[in-house]
$ cat final08.txt   # compact mmCIF, C-alpha atoms
# COMPACT_ATOMS: atom_id res chain seq x y z
CA MET A 162 -7.74 -21.73 -17.11
CA SER A 163 -4.26 -20.49 -17.97
CA LEU A 164 -3.18 -19.34 -14.52
CA VAL A 165 -1.34 -22.41 -13.30
CA TYR A 166 0.49 -21.06 -10.25
CA ALA A 167 0.13 -18.17 -7.82
CA GLY A 168 2.32 -17.39 -4.87
CA ILE A 169 4.24 -14.79 -2.94
CA LEU A 170 7.81 -14.32 -1.79
CA SER A 171 10.06 -11.72 -0.21
CA HIS A 172 12.48 -9.67 -2.28
CA ALA A 173 14.67 -7.68 0.11
CA PRO A 174 18.16 -7.03 -1.28
CA GLY A 175 19.82 -8.51 1.78
CA ILE A 176 18.46 -11.93 0.84
CA THR A 177 21.19 -12.17 -1.78
CA GLY A 178 23.43 -9.22 -1.04
CA ARG A 179 23.97 -9.87 2.65
CA ALA A 180 23.65 -13.65 2.70
CA ASN A 181 27.18 -13.91 4.10
CA LEU A 182 26.28 -11.65 7.04
CA ALA A 183 23.42 -13.84 8.26
CA THR A 184 24.30 -15.29 11.63
CA ASN A 185 21.33 -17.66 11.74
CA THR A 186 22.48 -19.83 8.88
CA LEU A 187 20.08 -22.68 9.67
CA VAL A 188 17.06 -20.44 9.21
CA ARG A 189 18.66 -18.72 6.21
CA ASP A 190 19.24 -22.02 4.46
CA ALA A 191 15.73 -23.26 5.30
CA PHE A 192 14.42 -20.11 3.62
CA TYR A 193 16.58 -20.69 0.56
CA ASN A 194 15.37 -24.30 0.40
CA CYS A 195 11.79 -23.11 0.47
CA LEU A 196 12.48 -20.72 -2.39
CA GLU A 197 13.94 -23.64 -4.33
CA ASP A 198 10.76 -25.59 -3.62
CA GLN A 199 8.78 -22.68 -5.00
CA ARG A 200 10.87 -22.73 -8.17
CA ASN A 201 10.21 -26.46 -8.51
CA GLU A 202 6.48 -25.95 -8.01
CA ILE A 203 6.38 -23.31 -10.72
CA GLU A 204 8.32 -25.55 -13.05
CA ALA A 205 6.04 -28.50 -12.27
CA SER A 206 2.99 -26.35 -13.01
CA GLY A 207 4.11 -26.12 -16.61
CA ALA A 208 4.18 -22.35 -16.50
CA GLU A 209 5.63 -20.82 -19.63
CA VAL A 210 5.66 -17.22 -18.44
CA LEU A 211 6.21 -15.67 -15.03
CA VAL A 212 4.23 -12.56 -14.14
CA VAL A 213 5.96 -10.74 -11.29
CA VAL A 214 3.82 -8.25 -9.37
CA ALA A 215 6.46 -6.14 -7.71
CA ALA A 216 7.07 -2.92 -5.84
CA GLU A 217 10.01 -1.25 -7.50
CA HIS A 218 12.26 1.24 -5.77
CA PHE A 219 12.82 4.00 -8.32
CA ALA A 220 14.36 1.81 -10.99
CA ASN A 221 11.99 3.05 -13.69
CA PHE A 222 9.66 5.58 -12.17
CA PHE A 223 10.12 8.78 -10.23
CA MET A 224 7.83 11.42 -8.85
CA ASP A 225 7.91 13.34 -12.12
CA ASN A 226 5.54 10.76 -13.59
CA MET A 227 4.62 7.96 -11.21
CA PRO A 228 2.13 5.38 -12.40
CA ALA A 229 0.02 3.57 -9.83
CA TYR A 230 0.26 0.44 -11.99
CA CYS A 231 2.51 -0.46 -14.88
CA ILE A 232 2.98 -3.59 -16.97
CA GLY A 233 6.20 -4.28 -18.85
CA ILE A 234 5.58 -5.25 -22.44
CA GLY A 235 9.14 -5.13 -23.70
CA GLU A 236 11.05 -7.86 -25.49
CA LYS A 237 13.78 -7.78 -22.85
CA HIS A 238 14.26 -6.41 -19.39
CA TYR A 239 17.53 -5.50 -17.74
CA GLY A 240 18.81 -5.73 -14.22
CA PRO A 241 19.86 -5.30 -11.61
CA VAL A 242 19.92 -1.54 -11.79
CA GLU A 243 21.91 -1.59 -8.55
CA ASP A 244 25.58 -2.39 -8.21
CA ALA A 245 25.90 -6.07 -9.07
CA GLU A 246 28.45 -6.76 -6.37
CA TRP A 247 26.26 -5.07 -3.77
CA LEU A 248 23.28 -7.25 -4.68
CA LYS A 249 25.40 -10.31 -5.52
CA ILE A 250 23.43 -10.77 -8.72
CA PRO A 251 25.21 -10.19 -12.04
CA LYS A 252 23.83 -7.72 -14.53
CA THR A 253 21.91 -9.54 -17.22
CA SER A 254 19.00 -9.35 -19.61
CA ILE A 255 15.77 -11.21 -19.00
CA PRO A 256 13.45 -12.30 -21.77
CA GLY A 257 10.09 -10.59 -21.85
CA ALA A 258 6.87 -11.91 -23.33
CA PRO A 259 5.83 -8.91 -25.41
CA ASP A 260 2.91 -10.44 -27.24
CA LEU A 261 1.35 -11.96 -24.14
CA ALA A 262 2.15 -8.89 -22.03
CA LEU A 263 0.36 -6.65 -24.52
CA ARG A 264 -2.70 -8.89 -24.44
CA LEU A 265 -2.66 -8.89 -20.65
CA ALA A 266 -2.27 -5.11 -20.50
CA LYS A 267 -5.13 -4.51 -22.90
CA LYS A 268 -7.42 -6.79 -20.94
CA VAL A 269 -6.47 -5.37 -17.55
CA MET A 270 -7.16 -1.88 -18.91
CA GLU A 271 -10.81 -2.79 -19.21
CA ARG A 272 -11.06 -2.70 -15.41
CA VAL A 273 -8.07 -0.75 -14.10
CA ASP A 274 -6.17 2.18 -15.57
CA ILE A 275 -2.58 1.12 -16.02
CA ALA A 276 0.55 2.38 -17.68
CA TYR A 277 2.75 0.21 -19.84
CA SER A 278 6.45 0.25 -20.62
CA GLU A 279 8.63 -1.24 -23.33
CA GLU A 280 11.74 -0.39 -21.33
CA TRP A 281 12.07 -1.99 -17.94
CA LYS A 282 14.98 -1.94 -15.58
CA CYS A 283 14.67 -4.45 -12.78
CA ASP A 284 15.89 -3.60 -9.30
CA HIS A 285 16.20 -5.99 -6.39
CA GLY A 286 12.41 -6.10 -6.15
CA ILE A 287 12.35 -8.34 -9.21
CA MET A 288 15.93 -9.57 -9.48
CA VAL A 289 16.00 -11.25 -6.07
CA PRO A 290 12.86 -13.33 -6.82
CA LEU A 291 14.16 -14.20 -10.30
CA ASN A 292 17.51 -15.20 -8.82
CA PHE A 293 15.70 -18.01 -7.02
CA LEU A 294 12.77 -18.78 -9.34
CA THR A 295 14.61 -18.75 -12.67
CA PRO A 296 18.27 -18.74 -11.70
CA ASN A 297 19.45 -18.77 -15.29
CA PHE A 298 17.18 -15.80 -16.00
CA ASP A 299 15.80 -17.63 -19.01
CA MET A 300 12.08 -17.80 -18.21
CA PRO A 301 10.02 -15.12 -19.98
CA VAL A 302 8.92 -12.53 -17.47
CA VAL A 303 6.12 -9.96 -17.49
CA PRO A 304 6.93 -7.38 -14.83
CA CYS A 305 4.11 -5.48 -13.18
CA ASN A 306 4.64 -2.65 -10.78
CA ILE A 307 2.44 -1.21 -8.09
CA ASN A 308 3.68 2.09 -6.71
CA CYS A 309 4.47 1.43 -3.07
CA GLN A 310 7.20 4.07 -2.74
CA GLY A 311 5.96 7.50 -3.66
CA PRO A 312 2.74 8.51 -1.89
CA PRO A 313 -0.04 9.03 -2.64
CA LEU A 314 -0.46 5.30 -3.16
CA THR A 315 -3.20 3.38 -4.87
CA PRO A 316 -5.82 2.21 -2.34
CA LEU A 317 -6.06 -1.46 -1.45
CA THR A 318 -9.53 -1.69 -2.95
CA ARG A 319 -7.99 -0.83 -6.31
CA VAL A 320 -5.16 -3.26 -5.71
CA TRP A 321 -7.68 -6.03 -5.25
CA ARG A 322 -9.39 -5.06 -8.47
CA PHE A 323 -6.03 -5.01 -10.24
CA GLY A 324 -5.35 -8.55 -9.04
CA GLU A 325 -8.75 -9.72 -10.20
CA ALA A 326 -8.29 -8.01 -13.54
CA LEU A 327 -4.92 -9.65 -13.98
CA ARG A 328 -6.48 -13.01 -13.24
CA GLN A 329 -9.29 -12.44 -15.72
CA ALA A 330 -6.73 -11.44 -18.33
CA CYS A 331 -4.65 -14.55 -17.68
CA ASP A 332 -7.68 -16.78 -17.96
CA GLU A 333 -8.26 -15.64 -21.51
CA GLN A 334 -4.78 -16.57 -22.73
CA ALA A 335 -3.55 -19.83 -24.15
CA GLU A 336 -0.19 -19.68 -22.41
CA LYS A 337 0.31 -21.25 -19.01
CA ILE A 338 1.05 -18.41 -16.62
CA ALA A 339 2.50 -18.23 -13.11
CA ILE A 340 2.01 -15.14 -10.94
CA VAL A 341 4.09 -14.21 -7.96
CA GLY A 342 3.56 -11.18 -5.78
CA THR A 343 6.72 -9.98 -4.15
CA GLY A 344 6.98 -7.45 -1.36
CA GLY A 345 7.71 -7.09 2.28
CA ILE A 346 5.30 -7.18 5.16
CA SER A 347 6.33 -5.09 8.16
CA HIS A 348 9.80 -3.66 7.67
CA TRP A 349 11.74 -0.44 7.87
CA PRO A 350 14.25 -0.91 5.04
CA ALA A 351 16.94 1.60 4.22
CA THR A 352 16.58 3.34 7.57
CA PRO A 353 18.59 2.99 10.78
CA ASP A 354 15.73 0.70 11.89
CA SER A 355 16.61 -1.83 9.20
CA GLY A 356 16.03 -5.27 10.67
CA LYS A 357 13.08 -4.19 12.78
CA ILE A 358 10.17 -6.55 12.16
CA ASN A 359 6.72 -6.56 13.75
CA GLU A 360 6.22 -10.31 13.78
CA ALA A 361 2.76 -10.21 15.38
CA TRP A 362 1.54 -7.80 12.72
CA ASP A 363 3.09 -9.94 9.99
CA ARG A 364 1.45 -13.12 11.23
CA GLU A 365 -1.97 -11.51 11.54
CA PHE A 366 -1.70 -10.10 8.02
CA LEU A 367 -0.49 -13.40 6.60
CA GLU A 368 -3.36 -15.27 8.26
CA GLN A 369 -5.81 -12.92 6.61
CA LEU A 370 -3.99 -13.26 3.30
CA MET A 371 -3.95 -17.05 3.43
CA ASN A 372 -7.65 -17.07 4.33
CA GLN A 373 -8.59 -14.70 1.51
CA ASP A 374 -10.15 -12.44 4.14
CA LYS A 375 -10.87 -9.68 1.68
CA GLN A 376 -12.74 -7.47 4.13
CA LYS A 377 -9.87 -7.36 6.61
CA LEU A 378 -7.19 -7.11 3.95
CA LEU A 379 -8.82 -4.09 2.38
CA SER A 380 -9.41 -2.40 5.72
CA TYR A 381 -5.76 -1.52 6.35
CA SER A 382 -5.15 2.20 6.17
CA ASP A 383 -1.81 3.62 5.08
CA GLU A 384 -1.61 5.48 8.39
CA ASP A 385 -1.98 2.29 10.41
CA VAL A 386 0.41 0.39 8.17
CA TYR A 387 3.03 3.12 8.51
CA ASP A 388 2.61 3.13 12.27
CA GLN A 389 2.69 -0.64 12.78
CA ALA A 390 4.58 -1.97 9.77
CA GLY A 391 6.74 0.90 8.59
CA GLN A 392 7.01 2.44 5.18
CA GLY A 393 8.07 -0.97 3.89
CA GLY A 394 4.63 -2.25 4.86
CA PHE A 395 3.15 -0.34 1.95
CA GLU A 396 4.42 -3.23 -0.18
CA ILE A 397 1.59 -5.46 1.06
CA ARG A 398 -0.11 -4.24 -2.09
CA THR A 399 1.83 -6.77 -4.15
CA LEU A 400 0.79 -9.62 -1.86
CA VAL A 401 -2.84 -8.56 -1.82
CA ALA A 402 -2.85 -8.38 -5.62
CA ALA A 403 -1.46 -11.92 -5.85
CA ALA A 404 -4.13 -13.20 -3.47
CA ALA A 405 -6.85 -11.51 -5.48
CA ALA A 406 -5.49 -13.01 -8.69
CA ALA A 407 -5.38 -16.50 -7.21
CA GLY A 408 -8.79 -16.41 -5.59
CA GLY A 409 -8.08 -19.49 -3.47
CA LYS A 410 -6.79 -20.13 0.02
CA GLY A 411 -3.12 -19.82 0.71
CA ASP A 412 -0.54 -22.16 2.17
CA LEU A 413 2.16 -20.36 4.14
CA GLN A 414 5.24 -22.42 3.43
CA PHE A 415 7.77 -20.26 5.23
CA TYR A 416 7.84 -17.28 7.53
CA SER A 417 10.64 -16.16 9.79
CA ALA A 418 11.47 -12.95 11.60
CA GLU A 419 14.80 -14.43 12.64
CA LEU A 420 16.84 -13.01 9.78
CA PRO A 421 17.00 -9.29 10.61
CA ILE A 422 20.06 -8.88 8.40
CA PHE A 423 17.66 -9.40 5.49
CA ALA A 424 15.56 -6.54 6.90
CA VAL A 425 12.22 -8.25 6.37
CA GLY A 426 10.15 -11.14 7.66
CA CYS A 427 11.11 -13.75 5.08
CA THR A 428 8.05 -15.27 3.46
CA VAL A 429 7.11 -17.91 0.90
CA ALA A 430 3.54 -19.01 0.18
CA ARG A 431 1.39 -20.40 -2.58
CA PHE A 432 -2.30 -20.03 -3.29
CA GLU A 433 -4.89 -22.38 -4.66
CA ILE A 434 -6.20 -21.22 -8.00
CA SER A 435 -9.95 -20.72 -7.75
CA SER A 436 -12.07 -22.09 -10.55
CA MET B 288 10.85 21.44 -4.32
CA SER B 289 14.55 21.39 -3.61
CA LEU B 290 14.43 17.99 -1.92
CA TYR B 291 12.70 16.76 -5.03
CA GLN B 292 15.68 17.91 -7.10
CA ALA B 293 18.18 16.21 -4.79
CA GLN B 294 16.27 12.97 -5.06
CA LYS B 295 15.92 13.33 -8.80
CA PHE B 296 19.68 13.68 -9.11
CA LEU B 297 20.16 10.46 -7.13
CA TYR B 298 17.47 8.69 -9.13
CA HIS B 299 19.30 9.57 -12.33
CA LEU B 300 22.71 8.71 -10.91
CA ASN B 301 21.60 5.35 -9.55
CA ARG B 302 20.36 4.09 -12.91
CA ASP B 303 22.80 5.70 -15.35
CA GLU B 304 26.29 4.21 -15.48
CA GLU B 305 27.61 6.93 -17.82
CA MET B 306 26.45 9.59 -15.41
CA GLN B 307 28.14 7.71 -12.59
CA GLN B 308 31.46 7.81 -14.42
CA THR B 309 31.07 11.51 -15.15
CA PHE B 310 30.15 12.22 -11.54
CA LEU B 311 33.26 10.47 -10.30
CA THR B 312 35.46 12.77 -12.36
CA ASN B 313 33.49 16.02 -12.27
CA LYS B 314 30.90 16.22 -9.55
CA ALA B 315 30.31 19.94 -9.93
CA ALA B 316 29.39 19.61 -13.59
CA VAL B 317 26.79 16.96 -12.89
CA LEU B 318 25.34 18.62 -9.79
CA SER B 319 25.00 21.95 -11.59
CA ARG B 320 22.20 20.48 -13.70
CA TYR B 321 19.96 20.35 -10.64
CA ASP B 322 18.32 23.14 -8.66
CA LEU B 323 19.83 22.31 -5.27
CA SER B 324 20.09 24.23 -2.03
CA THR B 325 23.60 24.89 -0.77
CA GLU B 326 23.09 22.29 1.95
CA GLU B 327 21.97 19.67 -0.55
CA TYR B 328 24.75 20.49 -2.98
CA GLU B 329 27.43 20.13 -0.33
CA ALA B 330 25.92 16.94 1.07
CA LEU B 331 25.79 15.34 -2.37
CA HIS B 332 29.24 16.61 -3.33
CA SER B 333 30.82 15.23 -0.17
CA GLY B 334 28.72 12.06 0.04
CA ASP B 335 27.29 13.04 3.43
CA ILE B 336 24.88 10.12 3.87
CA GLY B 337 23.79 11.22 7.32
CA LEU B 338 22.76 14.70 6.25
CA LEU B 339 21.04 13.46 3.10
CA TYR B 340 19.06 11.05 5.25
CA VAL B 341 18.02 13.83 7.61
CA LEU B 342 17.05 16.07 4.70
CA GLY B 343 14.50 13.43 3.78
CA VAL B 344 15.99 11.66 0.78
CA ASN B 345 14.00 8.48 0.19
CA GLY B 346 15.90 5.60 1.75
CA GLN B 347 15.68 3.40 -1.30
CA ILE B 348 17.43 6.04 -3.37
CA LEU B 349 19.93 6.84 -0.66
CA MET B 350 20.76 3.17 -0.05
CA HIS B 351 21.94 2.75 -3.62
CA TYR B 352 23.92 5.98 -3.50
CA ALA B 353 25.68 4.64 -0.41
CA ALA B 354 26.45 1.41 -2.27
CA PHE B 355 27.79 3.48 -5.17
CA LEU B 356 30.10 5.21 -2.68
CA ASN B 357 31.24 1.77 -1.46
CA VAL B 358 29.83 2.30 2.01
CA GLU B 359 29.49 -1.03 3.81
CA TRP B 360 26.05 -2.00 5.14
CA PHE B 361 26.55 -1.50 8.86
CA ASP B 362 28.52 1.69 8.22
CA TYR B 363 25.61 2.97 6.14
CA LEU B 364 23.17 2.35 8.98
CA GLN B 365 25.49 4.07 11.44
CA LEU B 366 25.97 7.07 9.17
CA MET B 367 22.22 7.61 9.20
CA ARG B 368 22.14 7.37 13.00
CA ASP B 369 25.04 9.82 13.15
CA GLY B 370 23.13 12.12 10.84
CA VAL B 371 20.19 12.21 13.23
CA ASP B 372 22.56 12.79 16.16
CA ASN B 373 24.26 15.67 14.37
CA HIS B 374 21.37 17.31 12.54
CA GLY B 375 18.20 16.27 14.34
CA PRO B 376 15.22 14.20 13.18
CA VAL B 377 14.46 13.44 9.56
CA ARG B 378 12.82 16.54 8.13
CA ALA B 379 10.67 15.10 5.35
CA GLY B 380 9.50 11.95 3.67
CA ILE B 381 8.55 8.52 4.94
CA TYR B 382 11.94 7.10 5.97
CA ALA B 383 12.14 8.48 9.49
CA MET B 384 14.07 6.74 12.25
CA THR B 385 11.49 5.32 14.64
CA ALA B 386 13.44 3.25 17.13
CA GLY B 387 15.82 5.70 18.75
CA GLY B 388 18.87 4.41 16.95
CA GLU B 389 18.50 0.82 18.08
CA GLN B 390 20.42 -1.76 16.05
CA PHE B 391 18.28 -4.73 15.03
CA ALA B 392 20.64 -6.90 13.04
CA GLU B 393 23.59 -8.43 14.79
CA THR B 394 26.93 -7.37 13.39
CA PRO B 395 28.72 -10.55 12.34
CA VAL B 396 32.12 -11.13 13.86
CA THR B 397 33.77 -10.93 10.45
CA SER B 398 32.58 -7.38 9.82
CA ARG B 399 33.38 -5.99 13.24
CA ASP B 400 36.27 -3.67 13.75
CA PRO B 401 39.11 -5.93 14.90
CA ASN B 402 40.10 -3.27 17.37
$ encode --input "final08.txt" --output "structure tokens"
Amino acid sequence: MSLVYAGILSHAPGITGRANLATNTLVRDAFYNCLEDQRNEIEASGAEVLVVVAAEHFANFFMDNMPAYCIGIGEKHYGPVEDAEWLKIPKTSIPGAPDLALRLAKKVMERVDIAYSEEWKCDHGIMVPLNFLTPNFDMPVVPCNINCQGPPLTPLTRVWRFGEALRQACDEQAEKIAIVGTGGISHWPATPDSGKINEAWDREFLEQLMNQDKQKLLSYSDEDVYDQAGQGGFEIRTLVAAAAAAGGKGDLQFYSAELPIFAVGCTVARFEISS
Amino acid sequence: MSLYQAQKFLYHLNRDEEMQQTFLTNKAAVLSRYDLSTEEYEALHSGDIGLLYVLGVNGQILMHYAAFLNVEWFDYLQLMRDGVDNHGPVRAGIYAMTAGGEQFAETPVTSRDPN
């Protein structure tokens, strides 16, 4: 078994970029501490490579050619694509894991049609997690993207299969691999409603996610998600994929809707790795 | 189709630092490469965040354009609200305003207008 860690975390740009505007500093710092704990857990797992299942925001892909899934197989990745001062993360390069990434991509392709890319620009969707999980940006990273921005979007049933395929691919590798899924739950980012959070919806979804309640997780329709959780809620795909990859129950380590300046319910969780 | 072109321009601009420098010095030359309506052209040329939001530009693309224009966060949110006030509801896309212009994040004292 080469998957040694699986978890989820939030990635909203305000988490780094608007840290100074948070008025609830106690909750903010508790969130940051939990992210540090997550970094320590990944390090303690012995993971050599970090697979990040993310929901990018037009850093690499546009509606002229939008893949439902893509895996980054390049030697290096670059980010953030956004203004560094805006995100409060300096522009840097991140080591890839091209040989492993290619093996993962080939294996995943046996079950799910994916695209691959040797050029990957990371936006906040990956840079914010890396800022906390590998703050020196020196851990090899395999980025994976699920289109959560430009409808039509891949159905959740396919997302689950993608997560399972990723897990199967990891299990056949010699390297110790950590997977994190990073996306928002309910949120209305980049709209005047930024900061709006449907906490009840979030908590119900997270309970299902932690319980590996596949039937309920796959029953969400995009229409219901848009109505109850906003367009940002489409990013639950990344979290569902991580749960499918892990296969085991989750442990919700942090959730708070009390940081609206971050424009998302801030979340950290880990999963047991099923045998 | 035209909204697609406006968004494609912003997608290119957001990820291409050379294009950003060119745009700062010669906006017309860069915008002429895209098949834009007059309304879109003028909104992009003048940096009219509110109108671009109402036209239906994806918020993730627009957010980074606003950052490129050095628009502060709470000003950016207000510009979108002003856009809806001035031009009506968002006309396309999935980034509509759903809460009647309500502000959800408290403006910290340090970023409030001292007056």
$ residues_around --input "final08.txt" --residues "A:Cys195" --least-positions-apart "5" --cutoff "10 Å" --atoms "all atoms listed in the file" --output "list in words"
Leu170, Arg189, Asp190, Arg200, Asn201, Phe293, Gln414, Phe415, Tyr416, Thr428, Val429 and Ala430 of chain A
$ interface_residues --input "final08.txt" --of "chain A" --to "chain B" --cutoff "6 Å" --atoms "only C-alpha atoms" --output "PyMOL selection string"
chain A and resi 182+242+351+353+356-357+421-422
$ closest_residue --input "final08.txt" --among "A:Phe323, A:Tyr381, A:Phe395, A:Phe223" --to "A:Ile346" --atoms "only C-alpha atoms"
A:Phe395
$ closest_residue --input "final08.txt" --among "B:Gly343, B:Gly337, B:Leu318, B:His374" --to "B:Met306" --atoms "all atoms listed in the file"
B:Leu318
$ residues_around --input "final08.txt" --residues "A:Asp383" --least-positions-apart "6" --cutoff "9 Å" --atoms "only C-alpha atoms" --output "ChimeraX atom specification"
/A:314,316,392,394-395
$ write_last_selection --input "final08.txt" --atoms "C-alpha atoms" --output "compact mmCIF listing (two decimals), in the frame of the given file"
# COMPACT_ATOMS: atom_id res chain seq x y z
CA LEU A 314 -0.46 5.30 -3.16
CA PRO A 316 -5.82 2.21 -2.34
CA GLN A 392 7.01 2.44 5.18
CA GLY A 394 4.63 -2.25 4.86
CA PHE A 395 3.15 -0.34 1.95
$ atom_distance --input "final08.txt" --atom1 "atom CA of A:Gly240" --atom2 "atom CA of A:Thr253"
5.8 Å
$ atom_distance --input "final08.txt" --atom1 "atom CA of A:Ala266" --atom2 "atom CA of A:Glu243"
27.2 Å
$ atom_distance --input "final08.txt" --atom1 "atom CA of B:Asp362" --atom2 "atom CA of A:Glu396"
26.0 Å
$ residues_around --input "final08.txt" --residues "A:Ala262" --least-positions-apart "5" --cutoff "10 Å" --atoms "all atoms listed in the file" --output "PyMOL selection string"
chain A and resi 210+212+232-236+257+267-268+277+302-305+330-331
$ closest_residue --input "final08.txt" --among "A:Arg319, A:Leu164, A:Ala183, A:Trp281" --to "A:Gly408" --atoms "all atoms listed in the file"
A:Leu164
$ closest_residue --input "final08.txt" --among "A:Leu261, A:Lys237, A:Val320, A:Pro290" --to "A:Ile275" --atoms "all atoms listed in the file"
A:Val320
$ residues_around --input "final08.txt" --residues "A:Val401" --least-positions-apart "4" --cutoff "8 Å" --atoms "all atoms listed in the file" --output "list in words"
Leu317, Val320, Trp321, Gly324, Gly342, Leu370, Leu378, Ile397 and Ala405 of chain A
$ closest_residue --input "final08.txt" --among "A:Ser435, A:Ser163, A:Thr343, A:Asn297" --to "A:Ala402" --atoms "only C-alpha atoms"
A:Thr343
$ axis_aligned_box --input "final08.txt" --around "stretch 212-229 of chain A" --padding-each-side "8 Å" --output "AutoDock Vina command-line options"
--center_x 7.2 --center_y 0.4 --center_z -10.0 --size_x 30.3 --size_y 41.9 --size_z 24.4
$ residues_around --input "final08.txt" --residues "B:Lys314" --least-positions-apart "4" --cutoff "10 Å" --atoms "all atoms listed in the file" --output "PyMOL selection string"
chain B and resi 306-310+318-319+328+331-333
$ closest_residue --input "final08.txt" --among "A:Glu279, A:Asp284, A:Glu368, A:Glu209" --to "A:Lys252" --atoms "all atoms listed in the file"
A:Asp284
$ decode --input "final08.txt" --residues "stretch 344-356 of chain B" --atoms "N, CA, C and O atoms" --output "tab-separated table (two decimals), in the first residue's frame"
chain	number	residue	atom	x	y	z
B	344	VAL	N	-18.96	38.02	-16.84
B	344	VAL	CA	-17.58	37.51	-16.77
B	344	VAL	C	-17.44	36.64	-15.53
B	344	VAL	O	-17.85	37.03	-14.43
B	345	ASN	N	-16.88	35.47	-15.70
B	345	ASN	CA	-16.68	34.55	-14.58
B	345	ASN	C	-15.92	35.26	-13.46
B	345	ASN	O	-14.88	35.88	-13.69
B	346	GLY	N	-16.44	35.14	-12.25
B	346	GLY	CA	-15.87	35.86	-11.12
B	346	GLY	C	-14.42	35.54	-10.85
B	346	GLY	O	-13.66	36.41	-10.40
B	347	GLN	N	-14.02	34.31	-11.09
B	347	GLN	CA	-12.63	33.95	-10.82
B	347	GLN	C	-11.68	34.68	-11.76
B	347	GLN	O	-10.56	35.04	-11.39
B	348	ILE	N	-12.13	34.90	-12.99
B	348	ILE	CA	-11.31	35.65	-13.94
B	348	ILE	C	-11.35	37.13	-13.59
B	348	ILE	O	-10.32	37.82	-13.60
B	349	LEU	N	-12.53	37.60	-13.26
B	349	LEU	CA	-12.69	39.03	-12.96
B	349	LEU	C	-11.94	39.42	-11.69
B	349	LEU	O	-11.37	40.51	-11.61
B	350	MET	N	-11.94	38.53	-10.71
B	350	MET	CA	-11.27	38.82	-9.44
B	350	MET	C	-9.79	39.11	-9.66
B	350	MET	O	-9.22	40.03	-9.06
B	351	HIS	N	-9.17	38.35	-10.54
B	351	HIS	CA	-7.74	38.55	-10.77
B	351	HIS	C	-7.48	39.79	-11.62
B	351	HIS	O	-6.44	40.44	-11.48
B	352	TYR	N	-8.43	40.11	-12.49
B	352	TYR	CA	-8.31	41.36	-13.24
B	352	TYR	C	-8.38	42.55	-12.29
B	352	TYR	O	-7.63	43.52	-12.41
B	353	ALA	N	-9.29	42.46	-11.32
B	353	ALA	CA	-9.41	43.53	-10.33
B	353	ALA	C	-8.12	43.68	-9.53
B	353	ALA	O	-7.66	44.80	-9.26
B	354	ALA	N	-7.53	42.55	-9.17
B	354	ALA	CA	-6.25	42.60	-8.44
B	354	ALA	C	-5.17	43.23	-9.31
B	354	ALA	O	-4.35	44.03	-8.84
B	355	PHE	N	-5.18	42.89	-10.59
B	355	PHE	CA	-4.22	43.47	-11.54
B	355	PHE	C	-4.37	44.99	-11.60
B	355	PHE	O	-3.39	45.73	-11.74
B	356	LEU	N	-5.61	45.45	-11.47
B	356	LEU	CA	-5.89	46.89	-11.49
B	356	LEU	C	-5.70	47.53	-10.12
B	356	LEU	O	-6.03	48.71	-9.94
